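One file, start_2.txt, carrying compact mmCIF, C-alpha atoms:
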```
# COMPACT_ATOMS: atom_id res chain seq x y z
CA MET A 1 81.14 -25.77 -39.31
CA LYS A 2 77.53 -26.06 -40.37
CA THR A 3 76.47 -23.85 -37.45
CA ARG A 4 78.95 -21.17 -38.50
CA ILE A 5 77.32 -21.03 -41.94
CA LEU A 6 73.71 -21.75 -41.10
CA LEU A 7 73.34 -19.43 -38.11
CA PRO A 8 74.47 -16.23 -39.90
CA LEU A 9 72.39 -17.28 -42.91
CA ALA A 10 69.33 -17.75 -40.73
CA LEU A 11 69.92 -14.41 -39.06
CA LEU A 12 70.27 -12.78 -42.49
CA LEU A 13 67.01 -14.30 -43.66
CA VAL A 14 65.19 -13.17 -40.53
CA ALA A 15 66.64 -9.68 -40.79
CA THR A 16 65.64 -9.43 -44.47
CA SER A 17 62.11 -10.62 -43.73
CA ALA A 18 61.80 -8.15 -40.90
CA ALA A 19 62.97 -5.33 -43.19
CA GLN A 20 60.44 -6.31 -45.87
CA ALA A 21 57.66 -6.51 -43.31
CA GLN A 22 58.65 -3.04 -42.04
CA TYR A 23 58.41 -1.52 -45.58
CA SER A 24 55.43 -3.52 -46.89
CA GLU A 25 52.83 -0.73 -46.73
CA TRP A 26 50.46 1.08 -49.04
CA TYR A 27 49.78 4.81 -49.19
CA TRP A 28 46.46 5.89 -50.75
CA GLY A 29 45.71 9.49 -51.59
CA GLY A 30 43.93 12.03 -53.69
CA SER A 31 45.05 15.28 -55.24
CA TYR A 32 43.50 18.33 -56.78
CA SER A 33 45.10 18.84 -60.20
CA THR A 34 45.47 21.79 -62.50
CA ALA A 35 46.79 21.39 -66.03
CA LEU A 36 48.53 23.40 -68.73
CA PRO A 37 47.73 22.21 -72.27
CA LEU A 38 50.50 21.79 -74.83
CA GLY A 39 50.74 20.93 -78.53
CA ASP A 40 47.52 19.53 -80.03
CA GLN A 41 45.69 20.00 -76.74
CA LYS A 42 46.62 23.68 -76.65
CA THR A 43 45.44 24.10 -80.25
CA PHE A 44 42.16 22.25 -79.71
CA THR A 45 40.94 23.96 -76.55
CA GLY A 46 43.17 27.02 -76.66
CA GLY A 47 40.27 29.29 -77.58
CA ASP A 48 40.97 32.89 -78.45
CA GLY A 49 43.56 33.12 -75.70
CA GLY A 50 45.43 30.07 -76.93
CA GLN A 51 45.97 28.53 -73.50
CA SER A 52 42.81 27.50 -71.64
CA PHE A 53 44.56 26.47 -68.41
CA SER A 54 42.51 23.82 -66.66
CA PHE A 55 41.39 24.18 -63.07
CA ARG A 56 39.30 21.03 -63.19
CA GLY A 57 41.23 17.90 -62.35
CA VAL A 58 41.70 15.17 -59.78
CA THR A 59 44.16 12.33 -59.27
CA ILE A 60 43.74 9.23 -57.10
CA GLU A 61 46.83 7.18 -56.40
CA GLY A 62 48.09 4.19 -54.48
CA ARG A 63 51.77 3.56 -53.81
CA LYS A 64 53.35 0.55 -52.16
CA ILE A 65 56.57 1.29 -50.33
CA LEU A 66 59.12 -1.30 -51.47
CA ASN A 67 62.08 -0.09 -49.45
CA GLU A 68 63.54 3.04 -47.87
CA ASN A 69 63.63 4.94 -51.18
CA VAL A 70 61.41 3.22 -53.72
CA SER A 71 57.68 2.80 -54.22
CA ALA A 72 55.54 1.29 -56.95
CA GLY A 73 51.89 1.97 -57.58
CA LEU A 74 48.92 2.94 -59.68
CA SER A 75 47.44 6.32 -60.59
CA PHE A 76 44.01 7.32 -61.94
CA GLY A 77 43.42 10.85 -63.11
CA TRP A 78 40.82 13.12 -64.73
CA HIS A 79 41.61 16.45 -66.35
CA VAL A 80 39.12 18.69 -68.13
CA PHE A 81 40.02 21.27 -70.76
CA ASN A 82 37.39 23.51 -72.28
CA SER A 83 37.06 26.64 -74.34
CA GLN A 84 34.33 28.69 -75.95
CA GLY A 85 34.56 31.21 -78.73
CA ASP A 86 33.65 32.29 -82.22
CA GLN A 87 35.63 30.32 -84.80
CA THR A 88 35.70 29.78 -88.55
CA ASN A 89 36.99 26.53 -90.06
CA THR A 90 37.29 25.41 -93.68
CA ILE A 91 37.15 21.77 -94.68
CA GLY A 92 37.49 21.25 -98.42
CA ASP A 93 35.08 23.62 -100.16
CA VAL A 94 32.91 24.18 -97.08
CA THR A 95 33.47 26.95 -94.53
CA ILE A 96 31.68 26.75 -91.19
CA GLY A 97 31.51 29.63 -88.75
CA GLY A 98 29.91 30.15 -85.38
CA ASN A 99 30.32 29.87 -81.66
CA GLN A 100 32.09 26.64 -80.72
CA PHE A 101 32.19 24.93 -77.35
CA ARG A 102 35.19 22.62 -77.17
CA TYR A 103 35.91 20.04 -74.49
CA THR A 104 38.56 17.48 -73.72
CA ASN A 105 38.11 14.99 -70.90
CA ALA A 106 41.44 13.22 -70.39
CA PHE A 107 41.69 10.15 -68.13
CA PRO A 108 45.32 9.11 -67.52
CA LEU A 109 45.72 5.60 -66.08
CA PHE A 110 49.29 4.78 -65.07
CA ALA A 111 51.49 2.24 -63.37
CA ASN A 112 54.41 4.02 -61.76
CA MET A 113 57.56 3.87 -59.71
CA HIS A 114 59.04 6.63 -57.58
CA TYR A 115 62.43 7.24 -55.96
CA TYR A 116 62.53 9.30 -52.77
CA PHE A 117 65.43 11.33 -51.49
CA GLY A 118 66.02 12.16 -47.85
CA GLN A 119 64.92 10.27 -44.73
CA ARG A 120 61.62 8.67 -43.78
CA GLY A 121 59.52 11.01 -41.71
CA ALA A 122 61.11 14.11 -43.19
CA VAL A 123 60.42 16.22 -46.27
CA ARG A 124 61.25 13.95 -49.21
CA PRO A 125 61.65 15.16 -52.78
CA TYR A 126 61.07 12.46 -55.33
CA VAL A 127 61.22 11.64 -59.00
CA GLY A 128 59.01 9.15 -60.77
CA ALA A 129 58.05 7.53 -64.03
CA ASN A 130 54.50 6.74 -65.12
CA VAL A 131 53.58 4.41 -67.97
CA GLY A 132 50.11 3.53 -69.13
CA THR A 133 47.37 5.08 -71.18
CA ILE A 134 45.38 8.27 -71.56
CA TYR A 135 41.74 7.92 -72.61
CA ALA A 136 40.85 11.20 -74.32
CA GLU A 137 37.31 12.20 -75.17
CA ARG A 138 37.13 15.33 -77.33
CA ARG A 139 33.92 17.09 -78.23
CA VAL A 140 32.98 20.12 -80.33
CA ASP A 141 29.51 21.64 -79.99
CA ILE A 142 28.47 24.12 -82.67
CA SER A 143 24.85 25.21 -82.88
CA LEU A 144 22.76 22.07 -82.35
CA ILE A 145 25.50 19.80 -83.70
CA SER A 146 27.87 17.86 -81.48
CA LEU A 147 30.92 16.04 -82.83
CA SER A 148 33.03 13.82 -80.62
CA GLN A 149 36.02 11.54 -80.82
CA LYS A 150 37.18 9.02 -78.21
CA LYS A 151 40.63 7.44 -78.33
CA TRP A 152 43.00 5.45 -76.14
CA HIS A 153 46.59 6.68 -76.27
CA LEU A 154 49.69 4.87 -75.06
CA ALA A 155 51.15 7.38 -72.62
CA PHE A 156 54.17 8.29 -70.51
CA ALA A 157 54.52 10.80 -67.71
CA PRO A 158 57.77 11.70 -65.95
CA GLU A 159 57.14 13.26 -62.59
CA VAL A 160 58.83 15.29 -59.87
CA GLY A 161 57.38 16.11 -56.50
CA VAL A 162 57.82 16.38 -52.78
CA ALA A 163 56.15 14.47 -49.96
CA PHE A 164 56.09 15.97 -46.49
CA PRO A 165 54.69 14.71 -43.17
CA LEU A 166 51.37 16.06 -41.93
CA GLY A 167 50.94 13.51 -39.17
CA TRP A 168 51.97 10.05 -38.07
CA VAL A 169 50.55 8.33 -41.16
CA VAL A 170 49.45 11.27 -43.34
CA ARG A 171 51.62 12.88 -45.99
CA GLY A 172 51.12 16.00 -48.06
CA VAL A 173 52.13 15.71 -51.70
CA ILE A 174 52.93 18.37 -54.28
CA ALA A 175 53.82 17.10 -57.75
CA ALA A 176 54.31 18.12 -61.36
CA ARG A 177 53.84 15.67 -64.16
CA TYR A 178 54.36 15.94 -67.93
CA HIS A 179 51.74 13.84 -69.75
CA TYR A 180 52.52 12.66 -73.26
CA GLY A 181 50.17 10.40 -75.20
CA VAL A 182 51.16 8.72 -78.45
CA LYS A 183 49.16 9.98 -81.41
CA ALA A 184 45.93 8.10 -82.16
CA GLY A 185 43.71 9.35 -84.96
CA ASP A 186 44.70 12.98 -85.51
CA PHE A 187 45.34 13.93 -81.90
CA THR A 188 48.30 13.78 -79.50
CA PRO A 189 47.34 14.53 -75.89
CA GLN A 190 50.05 16.54 -74.22
CA TYR A 191 49.94 18.65 -71.04
CA PHE A 192 51.56 19.45 -67.71
CA SER A 193 49.64 18.72 -64.53
CA PHE A 194 50.28 20.32 -61.13
CA SER A 195 48.80 18.43 -58.18
CA PHE A 196 48.29 19.22 -54.50
CA GLY A 197 47.00 16.49 -52.23
CA ILE A 198 47.35 14.18 -49.28
CA ALA A 199 48.06 10.49 -48.81
CA SER A 200 47.57 8.17 -45.91
CA ARG A 201 48.46 4.61 -44.92
CA MET B 1 40.72 1.05 -50.23
CA ARG B 2 37.34 0.04 -51.65
CA LYS B 3 36.17 3.66 -51.62
CA THR B 4 39.26 4.67 -53.56
CA LEU B 5 38.68 1.98 -56.17
CA TYR B 6 35.04 2.99 -56.59
CA ALA B 7 36.08 6.60 -56.98
CA GLY B 8 38.56 5.54 -59.65
CA LEU B 9 35.87 3.64 -61.53
CA PHE B 10 33.59 6.67 -61.33
CA LEU B 11 36.31 8.81 -62.87
CA ALA B 12 36.61 6.35 -65.72
CA VAL B 13 32.96 6.68 -66.77
CA ALA B 14 32.30 10.34 -66.02
CA SER B 15 32.85 13.33 -68.29
CA CYS B 16 32.56 17.05 -67.72
CA TYR B 17 31.26 19.71 -70.12
CA PRO B 18 31.48 23.06 -68.33
CA GLY B 19 30.12 26.29 -69.74
CA ASP B 20 26.59 27.27 -70.60
CA VAL B 21 24.82 28.82 -73.56
CA THR B 22 23.80 32.29 -72.41
CA SER B 23 22.07 33.56 -75.57
CA LEU B 24 20.38 32.06 -78.62
CA GLY B 25 22.95 33.80 -80.83
CA GLN B 26 25.59 31.42 -79.50
CA LEU B 27 23.73 28.60 -81.25
CA ASP B 28 23.84 30.25 -84.68
CA VAL B 29 25.98 28.61 -87.36
CA VAL B 30 26.80 29.71 -90.90
CA LEU B 31 27.94 27.35 -93.64
CA SER B 32 29.08 28.52 -97.05
CA SER B 33 30.33 26.51 -99.98
CA GLY B 34 31.72 27.45 -103.36
CA ASN B 35 31.89 25.17 -106.37
CA PRO B 36 35.35 24.38 -107.76
CA GLU B 37 33.74 23.77 -111.19
CA SER B 38 32.39 27.34 -111.37
CA ASP B 39 34.45 30.07 -113.06
CA TYR B 40 33.58 33.12 -110.98
CA SER B 41 35.44 35.43 -113.37
CA THR B 42 32.69 34.82 -115.96
CA LEU B 43 29.79 35.25 -113.52
CA LEU B 44 29.15 38.99 -113.26
CA THR B 45 25.39 39.64 -113.18
CA TYR B 46 22.57 38.36 -111.01
CA ALA B 47 18.83 38.51 -110.54
CA MET B 48 17.05 37.81 -107.28
CA PRO B 49 13.34 37.32 -106.50
CA ASP B 50 11.94 39.57 -103.78
CA THR B 51 10.38 36.67 -101.85
CA VAL B 52 11.83 34.21 -99.33
CA VAL B 53 10.20 30.85 -100.01
CA GLN B 54 9.42 28.52 -97.09
CA ILE B 55 10.21 25.11 -98.53
CA ASP B 56 8.35 23.04 -95.92
CA GLU B 57 5.39 25.40 -95.47
CA ASP B 58 2.76 22.68 -95.80
CA SER B 59 4.38 20.19 -93.43
CA SER B 60 6.02 22.41 -90.86
CA ASN B 61 4.63 23.35 -87.44
CA VAL B 62 6.35 26.73 -87.74
CA GLN B 63 5.12 29.34 -90.21
CA ILE B 64 7.71 31.97 -91.10
CA ASN B 65 6.72 35.64 -90.96
CA HIS B 66 7.18 37.03 -94.50
CA ASP B 67 7.08 40.65 -93.31
CA PHE B 68 10.87 40.66 -93.32
CA ASP B 69 11.44 39.15 -96.78
CA SER B 70 12.40 42.55 -98.18
CA ASP B 71 15.03 43.08 -95.46
CA ILE B 72 16.65 39.73 -96.19
CA VAL B 73 16.64 40.24 -99.95
CA ALA B 74 17.99 43.79 -99.56
CA LYS B 75 20.88 42.56 -97.40
CA ALA B 76 21.88 39.87 -99.89
CA LYS B 77 21.70 42.34 -102.78
CA ALA B 78 23.77 44.89 -100.87
CA ARG B 79 26.53 42.36 -100.23
CA LEU B 80 26.54 41.17 -103.83
CA ASN B 81 26.72 44.77 -105.10
CA ASN B 82 29.51 45.44 -102.62
CA TYR B 83 31.40 42.48 -104.08
CA GLY B 84 31.14 43.97 -107.57
CA TRP B 85 28.16 42.05 -108.94
CA THR B 86 25.60 43.83 -111.13
CA GLU B 87 21.88 43.33 -110.69
CA VAL B 88 19.77 42.93 -113.82
CA THR B 89 16.02 42.70 -114.24
CA PHE B 90 14.72 39.36 -115.43
CA PRO B 91 13.22 38.59 -118.02
CA ALA B 92 14.35 41.77 -119.76
CA ASP B 93 17.94 40.65 -119.26
CA THR B 94 19.24 37.14 -118.59
CA PRO B 95 21.58 37.12 -115.59
CA ASP B 96 24.64 34.93 -115.23
CA VAL B 97 23.19 33.63 -111.93
CA PHE B 98 19.93 33.57 -110.04
CA VAL B 99 20.20 34.06 -106.27
CA LEU B 100 17.36 32.33 -104.45
CA ALA B 101 16.43 32.81 -100.80
CA SER B 102 14.52 30.05 -99.00
CA VAL B 103 13.88 28.89 -95.48
CA VAL B 104 12.95 25.74 -93.55
CA ALA B 105 11.72 25.71 -89.97
CA ASP B 106 10.22 23.20 -87.59
CA THR B 107 9.67 22.29 -83.95
CA TYR B 108 12.18 19.96 -82.29
CA THR B 109 11.97 17.96 -79.10
CA ALA B 110 15.08 17.21 -77.04
CA THR B 111 15.18 14.65 -74.25
CA SER B 112 17.88 14.71 -71.58
CA TYR B 113 18.57 12.54 -68.56
CA THR B 114 20.16 13.86 -65.39
CA PRO B 115 21.74 11.02 -63.39
CA GLY B 116 21.06 10.85 -59.68
CA TYR B 117 23.48 10.67 -56.81
CA TRP B 118 23.91 6.94 -57.06
CA TRP B 119 26.20 6.03 -54.21
CA GLY B 120 25.30 6.35 -50.58
CA HIS B 121 27.34 7.08 -47.50
CA TRP B 122 28.66 4.40 -45.19
CA GLY B 123 27.29 4.52 -41.69
CA TRP B 124 29.63 5.25 -38.82
CA TYR B 125 30.14 3.75 -35.41
CA TYR B 126 29.85 5.74 -32.21
CA PRO B 127 31.76 5.62 -29.96
CA PRO B 128 34.77 4.55 -32.08
CA CYS B 129 35.45 0.97 -31.10
CA TYR B 130 37.21 -1.74 -33.05
CA TYR B 131 36.41 -4.65 -30.78
CA CYS B 132 32.85 -3.96 -29.77
CA TYR B 133 29.76 -3.96 -31.88
CA TYR B 134 27.42 -1.00 -32.14
CA PRO B 135 24.97 -0.71 -35.06
CA GLY B 136 25.87 2.92 -35.61
CA TYR B 137 24.38 5.47 -37.90
CA PRO B 138 22.73 4.16 -41.10
CA GLY B 139 24.05 5.13 -44.53
CA TYR B 140 22.45 7.47 -47.06
CA PRO B 141 20.95 5.65 -50.08
CA GLY B 142 21.27 8.42 -52.67
CA TYR B 143 18.53 9.60 -55.07
CA PRO B 144 17.43 8.59 -58.59
CA GLY B 145 17.90 10.64 -61.76
CA TYR B 146 15.21 12.35 -63.82
CA VAL B 147 14.26 12.94 -67.46
CA THR B 148 13.67 16.41 -68.98
CA LYS B 149 11.92 17.15 -72.30
CA THR B 150 12.46 20.44 -74.12
CA LYS B 151 10.69 21.82 -77.20
CA PHE B 152 12.13 24.53 -79.41
CA ASP B 153 11.73 25.98 -82.90
CA ALA B 154 14.74 26.04 -85.20
CA GLY B 155 15.14 27.32 -88.73
CA THR B 156 17.63 27.58 -91.58
CA LEU B 157 17.84 30.38 -94.14
CA PHE B 158 19.40 29.38 -97.48
CA LEU B 159 20.95 31.54 -100.20
CA ASP B 160 21.56 29.56 -103.39
CA MET B 161 23.35 30.90 -106.44
CA VAL B 162 22.58 28.90 -109.61
CA GLU B 163 24.26 29.39 -112.99
CA THR B 164 21.70 30.03 -115.70
CA ALA B 165 24.01 28.89 -118.52
CA SER B 166 24.55 25.51 -116.86
CA PHE B 167 20.89 24.48 -117.08
CA THR B 168 20.53 21.19 -118.98
CA PRO B 169 16.93 20.59 -120.14
CA ALA B 170 17.57 16.92 -120.96
CA ASP B 171 18.03 15.94 -117.33
CA SER B 172 16.77 19.13 -115.67
CA THR B 173 20.02 19.79 -113.88
CA ILE B 174 21.62 23.10 -113.01
CA ARG B 175 24.90 23.92 -111.32
CA PHE B 176 25.11 25.66 -107.95
CA ALA B 177 27.91 28.23 -108.02
CA TRP B 178 27.56 29.03 -104.32
CA THR B 179 25.33 28.12 -101.42
CA ALA B 180 25.06 29.44 -97.90
CA SER B 181 22.94 28.36 -94.95
CA MET B 182 22.33 30.24 -91.75
CA ALA B 183 20.87 28.06 -89.00
CA GLY B 184 19.77 28.76 -85.49
CA VAL B 185 17.14 28.43 -82.81
CA LEU B 186 14.17 30.74 -83.30
CA SER B 187 13.22 33.08 -80.51
CA SER B 188 9.74 34.45 -79.82
CA SER B 189 10.92 37.85 -81.07
CA SER B 190 10.72 38.24 -84.86
CA SER B 191 13.00 41.27 -84.80
CA SER B 192 15.64 39.28 -82.93
CA ASN B 193 15.39 36.48 -85.48
CA LEU B 194 15.74 39.02 -88.30
CA THR B 195 18.80 40.65 -86.71
CA ARG B 196 20.52 37.29 -86.41
CA ALA B 197 19.54 36.28 -89.96
CA LEU B 198 21.04 39.49 -91.37
CA ALA B 199 24.22 38.93 -89.34
CA GLY B 200 24.34 35.42 -90.76
CA ILE B 201 24.12 36.71 -94.32
CA ASP B 202 26.99 39.10 -93.61
CA ARG B 203 29.07 36.25 -92.23
CA ALA B 204 28.29 34.00 -95.21
CA PHE B 205 29.66 36.62 -97.60
CA ASP B 206 32.64 37.35 -95.31
CA GLN B 207 33.48 33.63 -95.53
CA SER B 208 33.22 33.69 -99.35
CA GLU B 209 35.67 36.29 -100.60
CA TYR B 210 36.12 34.31 -103.83
CA LEU B 211 32.82 35.93 -104.90
CA LYS B 212 34.53 39.32 -105.06
CA LYS B 213 35.04 40.86 -108.49
```

Go ahead and render the structure in this file as structure tokens.
Amino acid sequence: MKTRILLPLALLLVATSAAQAQYSEWYWGGSYSTALPLGDQKTFTGGDGGQSFSFRGVTIEGRKILNENVSAGLSFGWHVFNSQGDQTNTIGDVTIGGNQFRYTNAFPLFANMHYYFGQRGAVRPYVGANVGTIYAERRVDISLISLSQKKWHLAFAPEVGVAFPLGWVVRGVIAARYHYGVKAGDFTPQYFSFSFGIASR
Amino acid sequence: MRKTLYAGLFLAVASCYPGDVTSLGQLDVVLSSGNPESDYSTLLTYAMPDTVVQIDEDSSNVQINHDFDSDIVAKAKARLNNYGWTEVTFPADTPDVFVLASVVADTYTATSYTPGYWWGHWGWYYPPCYYCYYPGYPGYPGYPGYVTKTKFDAGTLFLDMVETASFTPADSTIRFAWTASMAGVLSSSSSSNLTRALAGIDRAFDQSEYLKK
């Protein structure tokens, strides 16, 4: 009687352990990121054109595969927005005019989870959720004066992407992420990022 | 994994400020300020001296060329006349406001530090071998940063509009109805400096349409 219960239980435990060992692996990768500013970010570094799409960005990420479809990990990013142009601003009774150089350096730091569709080893679309913070450093240079503000923002970033095999342990990754930071001070960081990169075990 | 973590830490402390200043005119700034206590509807006439006074002449390393005082005064008068003000001759007539032109200028020193390439490369093993030892190729140590010092002359042209009727002899105070300052880096060309100063005066009046009659 005991053997009938204990043997299948032992086999189940061994099988579960073997499955966990099979999926206990980390993928580390880096991506080149572009970004489209929105909201306050679009207003701040929009310049005359009102957009100021960013071509300066990078993301470094680590994901631990938990099972066939789920991973959990960490993400570090850096996105740069900048604009330059003649602007006039009025604060109270004072009007200031001149050429302004505006910069935002945004550093999103996230913990995340992703769900993958499809089969291992094939092209796998995925969806994910990122939670963490965005450290935003904004700076305005006008003439010889430089004004800056640095704030931490609680942040969220839903994500969609696709991972595809490039080799036995290397994966290509294409992803889009919507970054939203809770307002701190007078600024709400908000932008889309579009990343292209690779990851490896 | 360690390389990835170091790269992440580097991202956390770095910042990027792309774009360069390509002309001195990009460093010009114009500030203008009205006075909410002034009633511009009652201020109709002005008088203006024909000299631009250098306020810090005795202490400054930069001496302003007064050959262009007449151009600066003429520009300010032209804009005031265009805005409907009437020039009167003092002391024959007492104006509602005096418009005074003045300038400060000095030499500034800026110090900047350019960080070096602070992390080196890891060496590599040849031939690739996990179980044997070969000292391999040594890493690259990187290079230190350096300090740069820059000197430049900068100046500010002021236009101040003071209300003659507001002068209080008891405490020697007078009200400013309007003030404008045009600041920038001075070039070695006086004509270039003059062109930018005149453009600054235009901008100061463009920013102050409440002066229109």

Note to self: Quick check: residues of chain A within 10 Å of chain B, all atoms listed in the file, returned as a ChimeraX atom specification.
What the structure shows: /A:26-30,56,58-62,75-86,88-109,135,137,139,141-145

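Put simply, CA of Pro125 (chain A) is 12.0 Å away from CA of Val70 (chain A).
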
Check: Pick the closest to Phe44 (chain A) from A:Phe110, A:Phe196, A:Tyr115, A:Phe187: which is it, counting all atoms listed in the file?
Finding: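 Of A:Phe110, A:Phe196, A:Tyr115, A:Phe187, the one nearest Phe44 (chain A), counting all atoms listed in the file, is A:Phe187.
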
Notebook entry, point to check: By how many Å are CA of Tyr46 (chain B) and CA of Trp85 (chain B) apart?
Noted result: 7.0 Å

Next item on the list: Please provide the set of residues having any atom within 12 Å of Glu159 (chain A), restricted to all atoms listed in the file, with same-chain residues fewer than 3 positions apart removed, written as a PyMOL selection string.
Entry: chain A and resi 110+112-116+125-131+156+162+174-180+192-195

Given the selection you just returned, output its residues as a file containing C-alpha atoms, formatted as a CSV table (one decimal), in the frame of the given file.
```
chain,number,residue,atom,x,y,z
A,110,PHE,CA,49.3,4.8,-65.1
A,112,ASN,CA,54.4,4.0,-61.8
A,113,MET,CA,57.6,3.9,-59.7
A,114,HIS,CA,59.0,6.6,-57.6
A,115,TYR,CA,62.4,7.2,-56.0
A,116,TYR,CA,62.5,9.3,-52.8
A,125,PRO,CA,61.6,15.2,-52.8
A,126,TYR,CA,61.1,12.5,-55.3
A,127,VAL,CA,61.2,11.6,-59.0
A,128,GLY,CA,59.0,9.2,-60.8
A,129,ALA,CA,58.0,7.5,-64.0
A,130,ASN,CA,54.5,6.7,-65.1
A,131,VAL,CA,53.6,4.4,-68.0
A,156,PHE,CA,54.2,8.3,-70.5
A,162,VAL,CA,57.8,16.4,-52.8
A,174,ILE,CA,52.9,18.4,-54.3
A,175,ALA,CA,53.8,17.1,-57.8
A,176,ALA,CA,54.3,18.1,-61.4
A,177,ARG,CA,53.8,15.7,-64.2
A,178,TYR,CA,54.4,15.9,-67.9
A,179,HIS,CA,51.7,13.8,-69.8
A,180,TYR,CA,52.5,12.7,-73.3
A,192,PHE,CA,51.6,19.4,-67.7
A,193,SER,CA,49.6,18.7,-64.5
A,194,PHE,CA,50.3,20.3,-61.1
A,195,SER,CA,48.8,18.4,-58.2
```

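CA of Gln63 (chain B) lies 18.9 Å from CA of Leu198 (chain B).
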
Next item on the list: Please provide as a VMD selection string all residues within 10 Å of Tyr83 (chain B), with the sequence filter that same-chain residues fewer than 4 positions apart are discarded (counting all atoms listed in the file).
Entry: chain B and resid 77 to 79 205 209 to 213

Checklist line | Polymer residues at most 7 Å from region 153-155 of chain A, only C-alpha atoms, same-chain spacing of 6 or more positions, as an MDAnalysis selection string | finding: chainID A and resid 131:135 180:184

Item checked: Non-local contacts of region 166-171 of chain B (12 Å; all atoms listed in the file; under 2 positions in same chain excluded) as number ranges by chain -> B: 37-39, 43, 96-98, 161-164, 173-177

Check: With all atoms listed in the file as the atoms that count, which of A:Glu25, A:Gly121, A:Gln41, A:Leu36 lies nearest to Pro165 (chain A)?
Finding: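 Distance minimum relative to Pro165 (chain A) lands on A:Gly121.
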
Place N, CA and C atoms on region 108-123 of chain A and deliver the coordinates as a tab-separated table (two decimals), keeping the file's coordinate frame.
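Output saved as selection22.tsv:
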```
chain	number	residue	atom	x	y	z
A	108	PRO	N	44.06	9.87	-67.54
A	108	PRO	CA	45.32	9.11	-67.52
A	108	PRO	C	45.25	7.96	-66.51
A	109	LEU	N	45.65	6.78	-66.95
A	109	LEU	CA	45.72	5.60	-66.08
A	109	LEU	C	47.15	5.07	-66.15
A	110	PHE	N	47.86	5.10	-65.03
A	110	PHE	CA	49.29	4.78	-65.07
A	110	PHE	C	49.67	3.75	-64.02
A	111	ALA	N	50.71	2.97	-64.36
A	111	ALA	CA	51.49	2.24	-63.37
A	111	ALA	C	52.77	3.05	-63.18
A	112	ASN	N	53.28	3.12	-61.96
A	112	ASN	CA	54.41	4.02	-61.76
A	112	ASN	C	55.38	3.49	-60.71
A	113	MET	N	56.55	4.10	-60.74
A	113	MET	CA	57.56	3.87	-59.71
A	113	MET	C	58.15	5.24	-59.35
A	114	HIS	N	58.49	5.37	-58.06
A	114	HIS	CA	59.04	6.63	-57.58
A	114	HIS	C	60.28	6.37	-56.74
A	115	TYR	N	61.23	7.29	-56.80
A	115	TYR	CA	62.43	7.24	-55.96
A	115	TYR	C	62.44	8.46	-55.07
A	116	TYR	N	62.59	8.23	-53.75
A	116	TYR	CA	62.53	9.30	-52.77
A	116	TYR	C	63.91	9.61	-52.22
A	117	PHE	N	64.19	10.89	-52.12
A	117	PHE	CA	65.43	11.33	-51.49
A	117	PHE	C	65.15	11.66	-50.03
A	118	GLY	N	66.18	11.76	-49.24
A	118	GLY	CA	66.02	12.16	-47.85
A	118	GLY	C	65.64	10.98	-46.97
A	119	GLN	N	65.20	11.27	-45.76
A	119	GLN	CA	64.92	10.27	-44.73
A	119	GLN	C	63.42	10.11	-44.53
A	120	ARG	N	63.02	8.90	-44.13
A	120	ARG	CA	61.62	8.67	-43.78
A	120	ARG	C	61.22	9.59	-42.64
A	121	GLY	N	60.03	10.12	-42.74
A	121	GLY	CA	59.52	11.01	-41.71
A	121	GLY	C	59.86	12.46	-41.93
A	122	ALA	N	60.72	12.73	-42.91
A	122	ALA	CA	61.11	14.11	-43.19
A	122	ALA	C	60.52	14.54	-44.54
A	123	VAL	N	60.82	15.75	-44.93
A	123	VAL	CA	60.42	16.22	-46.27
A	123	VAL	C	61.24	15.45	-47.30
```
